[in-house]
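**Student:** Next up is a structure, given as structure tokens.
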Amino acid sequence: MSFSLRNLFLPAPLVLLSALAFSQKKDYLVTPRKDTIYGVLRNGIGIGNPRLRLVADSVEYPVKAGETEAYFDAERKELFRSRRLKANGKPVFLHCLAMGRINLYGYLGAAYDPGPGFTPGSGAPMGSPGLPYNQSTVLYAERTEGQLVKIRTEGVLPLSQKKRDVFLRLIADNPEVVAIYNENKKMADADVLYYIHEYNKRAAGK
């Protein structure tokens, strides 16, 4: 079940949103006051990044993390939520991969990739011009709203026992899912999505 999480940023069966989210046929955003505004998402040309906005009844609403609680792209069937990766960090949009008792998010960030033959300590310091950086996806889980737990970073293998213990604590109250994990022991992107899906499915049935 190993594959690049970048594939999960496209509609796929493993992107497990709620039935309500999938049933929506219009783009929308959610304000910090929890008001929902339906319209059409548009991209504009900004400095550094495209300026995303929602157009509704000839009114443009900027879609910015920190000023927008969430937004939904109906064409791609993708939901994004504004969250802080750190307590005092800048809000960013995270792609919702699963929703339920435990929410699962994906975030694309920069990761250092020195390439083959690199000896630690022999290269230039981090952040030096010209060093190779690649985008890498980080999986975050959220059991309590606003409290994110980093699960794994794409391409970083093997996963440490500490990270595995953090994940096991999230699902510890569901022995059936813990048993599935113990039988499999794998923690690739698709495996994590599967465990969360099974956990949420059982939690919803209680």
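Naming works like this for the structure tokens: A, B, ... for the chains as they're shown, residue 1 at the start of each chain, ligands 1 onward in shown order.
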Near Val166 (chain A), counting only C-alpha atoms, which residues have an atom at most 9 Å away, once you skip same-chain residues fewer than 3 positions from it, shown as a count of residues only?

**Tutor:** 8

**Student:** Give me, as a list in words, all polymer residues having an atom no more than 12 Å from Leu54 (chain A), counting only C-alpha atoms and skipping those fewer than 4 positions away in the same chain.

**Tutor:**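 Result of the neighbour search: Lys26, Asp27, Tyr28, Leu29, Val30, Thr31, Thr36, Ile37, Tyr38, Gly39, Val40, Leu41, Arg42, Asn43, Gly44, Ser58, Val59, Glu60, Tyr61, Pro62, Val63, Lys64, Thr68, Ala70, Tyr71, Phe72 and Asp73 of chain A.
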
**Student:** Residues at most 9 Å from Tyr140 (chain A), counting only C-alpha atoms, excluding those fewer than 3 positions away in the same chain, as a PDB file with N, CA and C atoms, in the first residue's frame?

**Tutor:**
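Output below, filename result_24.pdb:
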```pdb
ATOM      1  N   LEU A  85       0.229  24.743  12.840  1.00  0.00           N
ATOM      2  CA  LEU A  85       1.068  23.564  13.035  1.00  0.00           C
ATOM      3  C   LEU A  85       1.733  23.599  14.403  1.00  0.00           C
ATOM      4  N   LEU A  94      -4.657  23.044   5.722  1.00  0.00           N
ATOM      5  CA  LEU A  94      -4.323  21.632   5.671  1.00  0.00           C
ATOM      6  C   LEU A  94      -5.399  20.889   4.887  1.00  0.00           C
ATOM      7  N   ASN A 103      -9.488  13.365  12.979  1.00  0.00           N
ATOM      8  CA  ASN A 103      -9.285  13.987  11.673  1.00  0.00           C
ATOM      9  C   ASN A 103      -7.845  13.753  11.236  1.00  0.00           C
ATOM     10  N   LEU A 104      -7.664  13.542   9.941  1.00  0.00           N
ATOM     11  CA  LEU A 104      -6.318  13.347   9.394  1.00  0.00           C
ATOM     12  C   LEU A 104      -6.087  14.383   8.308  1.00  0.00           C
ATOM     13  N   TYR A 105      -4.939  15.051   8.381  1.00  0.00           N
ATOM     14  CA  TYR A 105      -4.610  16.117   7.442  1.00  0.00           C
ATOM     15  C   TYR A 105      -3.276  15.842   6.757  1.00  0.00           C
ATOM     16  N   GLY A 106      -3.140  16.396   5.555  1.00  0.00           N
ATOM     17  CA  GLY A 106      -1.874  16.367   4.850  1.00  0.00           C
ATOM     18  C   GLY A 106      -1.400  17.792   4.606  1.00  0.00           C
ATOM     19  N   TYR A 107      -0.110  18.005   4.775  1.00  0.00           N
ATOM     20  CA  TYR A 107       0.466  19.338   4.569  1.00  0.00           C
ATOM     21  C   TYR A 107       1.744  19.208   3.762  1.00  0.00           C
ATOM     22  N   LEU A 148      -2.882  19.476  16.998  1.00  0.00           N
ATOM     23  CA  LEU A 148      -2.365  18.598  15.952  1.00  0.00           C
ATOM     24  C   LEU A 148      -1.231  17.728  16.480  1.00  0.00           C
ATOM     25  N   VAL A 149      -1.220  16.488  16.018  1.00  0.00           N
ATOM     26  CA  VAL A 149      -0.161  15.546  16.361  1.00  0.00           C
ATOM     27  C   VAL A 149       0.489  15.093  15.059  1.00  0.00           C
ATOM     28  N   LYS A 150       1.791  15.314  14.941  1.00  0.00           N
ATOM     29  CA  LYS A 150       2.493  14.888  13.730  1.00  0.00           C
ATOM     30  C   LYS A 150       2.653  13.371  13.756  1.00  0.00           C
ATOM     31  N   ILE A 151       2.210  12.732  12.671  1.00  0.00           N
ATOM     32  CA  ILE A 151       2.272  11.275  12.590  1.00  0.00           C
ATOM     33  C   ILE A 151       3.491  10.808  11.807  1.00  0.00           C
ATOM     34  N   ARG A 152       3.653  11.323  10.615  1.00  0.00           N
ATOM     35  CA  ARG A 152       4.812  10.919   9.822  1.00  0.00           C
ATOM     36  C   ARG A 152       5.074  11.914   8.712  1.00  0.00           C
TER      37      ARG A 152
END
```

**Student:** Rounded to one decimal place, report the CA of His95 (chain A)-CA of Phe80 (chain A) distance in Å.

**Tutor:**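 Atom-to-atom, CA of His95 (chain A) and CA of Phe80 (chain A) are spaced 4.6 Å apart.
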
**Student:** Which one is closest to Glu67 (chain A): A:Arg51, A:Pro32, A:Arg83, A:Cys96? Count only C-alpha atoms.

**Tutor:**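 When distances to Glu67 (chain A) are compared using only C-alpha atoms, the smallest one comes from A:Pro32.
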
**Student:** Restricting the calculation to only C-alpha atoms: of A:Leu159, A:Leu97, A:Ile180, A:Ala172, which residue gets closest to Leu193 (chain A)?

**Tutor:**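 Closest to Leu193 (chain A), using only C-alpha atoms: A:Leu97.
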
**Student:** Kindly indicate which residue among A:Asn174, A:Asn184, A:Thr144, A:Ser82 lies nearest to Glu198 (chain A), using only C-alpha atoms for the distances.

**Tutor:**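 Closest residue, counting only C-alpha atoms: A:Asn174.
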
**Student:** Work out how far apart CA of Asp165 (chain A) and CA of Val192 (chain A) are and give it in Å to one decimal.

**Tutor:**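 CA of Asp165 (chain A) sits 13.3 Å away from CA of Val192 (chain A).
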
**Student:** Mind giving me the straight-line distance from CA of Asp189 (chain A) to CA of Leu108 (chain A) in Å, one decimal?

**Tutor:**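 Distance reported for this atom pair: 13.5 Å.
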